[in-house]
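Trainee: Take a look at final_6.csv, CSV, C-alpha atoms:
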```
chain,number,residue,atom,x,y,z
A,1,TYR,CA,167.4,17.9,88.9
A,2,GLN,CA,170.0,15.3,90.0
A,3,LYS,CA,173.6,16.3,89.9
A,4,ASN,CA,175.4,14.0,87.6
A,5,GLN,CA,179.0,13.5,88.6
A,6,SER,CA,180.3,13.1,85.0
A,7,LYS,CA,178.4,15.9,83.3
A,8,SER,CA,180.2,18.8,81.8
A,9,VAL,CA,178.2,22.0,81.9
A,10,TYR,CA,178.5,25.1,79.7
A,11,CYS,CA,177.8,28.5,81.0
A,12,GLU,CA,178.0,31.6,78.8
A,13,VAL,CA,178.9,35.0,80.1
A,14,SER,CA,178.2,38.2,78.1
A,15,LEU,CA,180.9,40.7,79.1
A,16,ASN,CA,179.7,44.2,79.7
A,17,GLY,CA,182.9,45.6,81.0
A,18,SER,CA,184.2,43.0,83.5
A,19,ILE,CA,182.5,40.0,85.1
A,20,ASN,CA,179.9,41.1,87.6
A,21,ALA,CA,178.5,39.5,90.8
A,22,ALA,CA,175.4,38.0,89.1
A,23,GLN,CA,177.5,36.3,86.5
A,24,LEU,CA,179.8,34.9,89.1
A,25,GLU,CA,176.8,33.5,90.9
A,26,MET,CA,175.6,32.0,87.7
A,27,ILE,CA,179.0,30.3,87.3
A,28,GLU,CA,178.8,28.9,90.8
A,29,GLN,CA,175.3,27.6,90.3
A,30,SER,CA,176.2,26.1,86.9
A,31,LYS,CA,179.2,24.3,88.4
A,32,ALA,CA,176.8,22.7,91.0
A,33,LEU,CA,175.0,21.0,88.1
A,34,GLY,CA,177.9,18.8,87.0
A,35,SER,CA,181.5,17.8,87.5
A,36,SER,CA,183.2,20.2,85.2
A,37,LEU,CA,182.3,23.7,84.0
A,38,VAL,CA,183.2,25.3,80.7
A,39,VAL,CA,182.6,29.1,80.6
A,40,GLY,CA,182.2,30.8,77.3
A,41,LEU,CA,183.0,34.5,77.2
A,42,ARG,CA,180.8,36.5,74.8
A,43,ALA,CA,182.1,40.0,74.0
A,44,ASP,CA,179.9,42.6,72.4
A,45,PRO,CA,182.0,44.4,69.9
A,46,ARG,CA,180.1,47.6,70.6
A,47,VAL,CA,180.9,47.6,74.3
A,48,GLN,CA,184.3,48.2,75.9
A,49,THR,CA,185.0,44.8,77.5
A,50,ASN,CA,187.8,43.9,79.8
A,51,LEU,CA,188.6,40.5,78.4
A,52,GLU,CA,192.0,40.0,80.0
A,53,GLU,CA,190.8,41.0,83.4
A,54,SER,CA,187.7,38.7,83.1
A,55,ILE,CA,189.9,35.8,82.0
A,56,ASP,CA,192.1,36.4,85.1
A,57,ILE,CA,189.1,36.4,87.4
A,58,LEU,CA,187.9,33.2,85.9
A,59,LYS,CA,191.3,31.5,86.2
A,60,LEU,CA,191.2,32.2,89.9
A,61,ASN,CA,187.7,30.8,90.2
A,62,ARG,CA,187.7,27.3,91.5
A,63,SER,CA,184.4,26.5,89.8
A,64,VAL,CA,185.8,27.1,86.3
A,65,ASP,CA,187.5,24.3,84.6
A,66,PHE,CA,187.7,25.6,81.0
A,67,ILE,CA,187.5,29.0,79.5
A,68,LEU,CA,186.4,29.6,75.9
A,69,THR,CA,187.3,33.1,74.6
A,70,PRO,CA,185.0,35.0,72.3
A,71,ASP,CA,186.8,33.9,69.2
A,72,CYS,CA,186.1,30.2,70.1
A,73,LEU,CA,182.3,30.7,70.3
A,74,PRO,CA,180.0,30.2,67.3
A,75,ASP,CA,177.0,32.5,66.7
A,76,ILE,CA,174.7,29.8,67.8
A,77,ILE,CA,175.4,27.3,70.5
A,78,ASP,CA,174.4,24.0,68.9
A,79,GLU,CA,174.9,20.3,69.3
A,80,ALA,CA,178.0,20.3,67.1
A,81,PHE,CA,179.6,22.9,69.5
A,82,LEU,CA,178.6,20.9,72.5
A,83,ASP,CA,180.0,17.7,71.0
A,84,LYS,CA,183.2,19.4,70.0
A,85,HIS,CA,183.9,20.5,73.6
A,86,SER,CA,182.3,17.4,75.2
A,87,ILE,CA,179.6,19.4,76.9
A,88,ASP,CA,176.5,17.7,78.2
A,89,LEU,CA,174.4,20.6,79.4
A,90,VAL,CA,173.9,24.3,78.9
A,91,SER,CA,172.9,26.3,81.9
A,92,LEU,CA,170.6,29.3,81.2
A,93,GLU,CA,169.5,31.9,83.6
A,94,GLN,CA,165.9,31.8,84.5
A,95,HIS,CA,164.3,35.1,83.5
A,96,THR,CA,162.2,36.5,86.2
A,97,SER,CA,160.8,39.3,84.0
A,98,GLU,CA,161.0,40.6,80.5
A,99,THR,CA,163.0,43.6,81.6
A,100,ASP,CA,166.0,41.7,82.9
A,101,LYS,CA,166.7,39.9,79.7
A,102,LYS,CA,169.1,42.5,78.3
A,103,ASP,CA,172.2,41.3,80.2
A,104,ARG,CA,171.4,37.7,80.3
A,105,VAL,CA,172.6,34.9,78.0
A,106,CYS,CA,170.7,35.5,74.9
A,107,VAL,CA,168.4,32.5,74.4
A,108,SER,CA,168.3,33.3,70.7
A,109,ARG,CA,171.9,32.1,70.6
A,110,ILE,CA,170.9,28.6,71.7
A,111,ASP,CA,169.9,26.2,69.1
A,112,GLY,CA,166.2,25.2,69.6
A,113,SER,CA,166.9,21.5,69.4
A,114,LEU,CA,168.9,21.7,72.6
A,115,PHE,CA,165.8,22.6,74.5
A,116,GLU,CA,163.9,19.8,72.9
A,117,LYS,CA,166.6,17.3,73.8
A,118,GLY,CA,166.7,18.5,77.4
A,119,ARG,CA,170.3,19.7,77.2
A,120,THR,CA,169.5,23.0,78.8
A,121,VAL,CA,169.1,23.6,82.5
A,122,PRO,CA,167.4,26.7,84.0
A,123,VAL,CA,169.3,28.3,86.9
A,124,ALA,CA,167.5,30.6,89.3
A,125,LEU,CA,169.8,33.3,90.8
A,126,LYS,CA,169.3,34.5,94.3
A,127,TYR,CA,170.6,37.9,93.4
A,128,PRO,CA,169.7,38.8,89.9
A,129,GLU,CA,170.9,42.2,88.8
A,130,ASN,CA,168.2,44.8,89.0
```
In structure tokens, what does this structure look like?

Mentor:
Amino acid sequence: YQKNQSKSVYCEVSLNGSINAAQLEMIEQSKALGSSLVVGLRADPRVQTNLEESIDILKLNRSVDFILTPDCLPDIIDEAFLDKHSIDLVSLEQHTSETDKKDRVCVSRIDGSLFEKGRTVPVALKYPEN
């Protein structure tokens, strides 16, 4: 995959407490795909999330250009959402096995047409969580 200098990439992080190492690596890898990185924070209402702390961590992260808080995210990430935020690509973590899907970006939240149109990019992590 060729890095495109003018591409904006969207990476979604599901908060389970605070941001973890695998999610930070996902952010780094996503940033490498384009010129600017939009990080969407998805909070599970059933889980105690440390939103403020996570936002602070992201603000200090040089890879992150824009942060979208949970209230800015639609249930399904679709073309309208991408267009609204001028996003070209959505980075998705490559699942190595069925069992490690639970913490990952939920693919069911991505509109199917984005896959067909080639607007998603799989990212393989060196250190996926076990």

Trainee: Set the distance at 10 Å and use only C-alpha atoms: which residues neighbour Leu58 of chain A once local chain neighbours fewer than 6 positions away are removed? I'd like the list as a VMD selection string.

Mentor: chain A and resid 19 24 27 39 52 64 to 67

Trainee: What is the atom CA of Ser8 of chain A-atom CA of Leu89 of chain A distance in Å, reported with one decimal?

Mentor: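 Calculated distance between atom CA of Ser8 of chain A and atom CA of Leu89 of chain A is 6.5 Å.
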
Trainee: Which is closest to Val9 of chain A among A:Ser63, A:Ser36, A:Thr120, A:Gln48, if we use only C-alpha atoms?

Mentor: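 Of the candidates, the smallest distance to Val9 of chain A is held by A:Ser36.
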
Trainee: With all atoms listed in the file as the counted atoms, please give the residues lying no more than 10 Å from Leu51 of chain A, apart from itself and same-chain residues fewer than 3 positions off, as a list of chain:residue names.

Mentor: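 Near Leu51 of chain A, the qualifying residues are A:Leu15, A:Asn16, A:Gly17, A:Ser18, A:Ile19, A:Leu41, A:Arg42, A:Ala43, A:Gln48, A:Ser54, A:Ile55, A:Asp56, A:Ile57, A:Thr69, A:Pro70.
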
Trainee: Hey, can you spit out that residue selection with C-alpha atoms as a short mmCIF file (atom, residue, chain, number, x, y, z; two decimals), keeping the file's coordinate frame?

Mentor:
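Once written, part05.cif looks like this:
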```cif
data_model
loop_
_atom_site.label_atom_id
_atom_site.label_comp_id
_atom_site.auth_asym_id
_atom_site.auth_seq_id
_atom_site.Cartn_x
_atom_site.Cartn_y
_atom_site.Cartn_z
CA LEU A 15 180.90 40.70 79.10
CA ASN A 16 179.70 44.20 79.70
CA GLY A 17 182.90 45.60 81.00
CA SER A 18 184.20 43.00 83.50
CA ILE A 19 182.50 40.00 85.10
CA LEU A 41 183.00 34.50 77.20
CA ARG A 42 180.80 36.50 74.80
CA ALA A 43 182.10 40.00 74.00
CA GLN A 48 184.30 48.20 75.90
CA SER A 54 187.70 38.70 83.10
CA ILE A 55 189.90 35.80 82.00
CA ASP A 56 192.10 36.40 85.10
CA ILE A 57 189.10 36.40 87.40
CA THR A 69 187.30 33.10 74.60
CA PRO A 70 185.00 35.00 72.30
#
```

Trainee: Of the candidates A:Ser6, A:Gln23, A:Glu28, A:Asp44, which one gets nearest to Asn61 of chain A if we count only C-alpha atoms?

Mentor: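 For Asn61 of chain A, the nearest of the candidates is A:Glu28.
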
Trainee: Figure out the distance between atom CA of Asp111 of chain A and atom CA of Asp78 of chain A, please, to one decimal in Å.

Mentor: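 Rounded to one decimal, the two atoms are 5.0 Å apart.
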
Trainee: I'd like the interatomic distance between atom CA of Ser35 of chain A and atom CA of Leu82 of chain A, to a tenth of an Å.

Mentor: 15.6 Å

Trainee: Distance cut-off 12 Å, centre (169.3, 20.3, 76.9) in file coordinates, counting only C-alpha atoms: which residues qualify? Return them as a list in words.

Mentor: Lys7, Val9, Tyr10, Ile77, Asp78, Glu79, Leu82, Ile87, Asp88, Leu89, Val90, Ser91, Leu92, Ile110, Asp111, Gly112, Ser113, Leu114, Phe115, Glu116, Lys117, Gly118, Arg119, Thr120, Val121 and Pro122 of chain A

Trainee: Choose the residue, out of A:Lys59, A:Glu93, A:Ala21, A:Asn50, that has the smallest atom-to-atom separation from Val38 of chain A; count all atoms listed in the file.

Mentor: A:Lys59

Trainee: When distances are computed from only C-alpha atoms, which of A:Ser86, A:Ile76, A:Lys126, A:Thr49 shows the smallest separation from Glu12 of chain A?

Mentor: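 Selected residue with least distance to Glu12 of chain A: A:Ile76.
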
Trainee: Select, from A:Ser108, A:Val123, A:Ser14, A:Leu37, the residue with the minimum atom-to-atom distance to His85 of chain A, counting only C-alpha atoms.

Mentor: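 Distance minimum relative to His85 of chain A lands on A:Leu37.
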
Trainee: Go through A:Lys84, A:Gly40, A:Gln94, A:Leu33 and flag the residue nearest Leu68 of chain A, using all atoms listed in the file for the distances.

Mentor: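 Nearest candidate to Leu68 of chain A out of A:Lys84, A:Gly40, A:Gln94, A:Leu33: A:Gly40.
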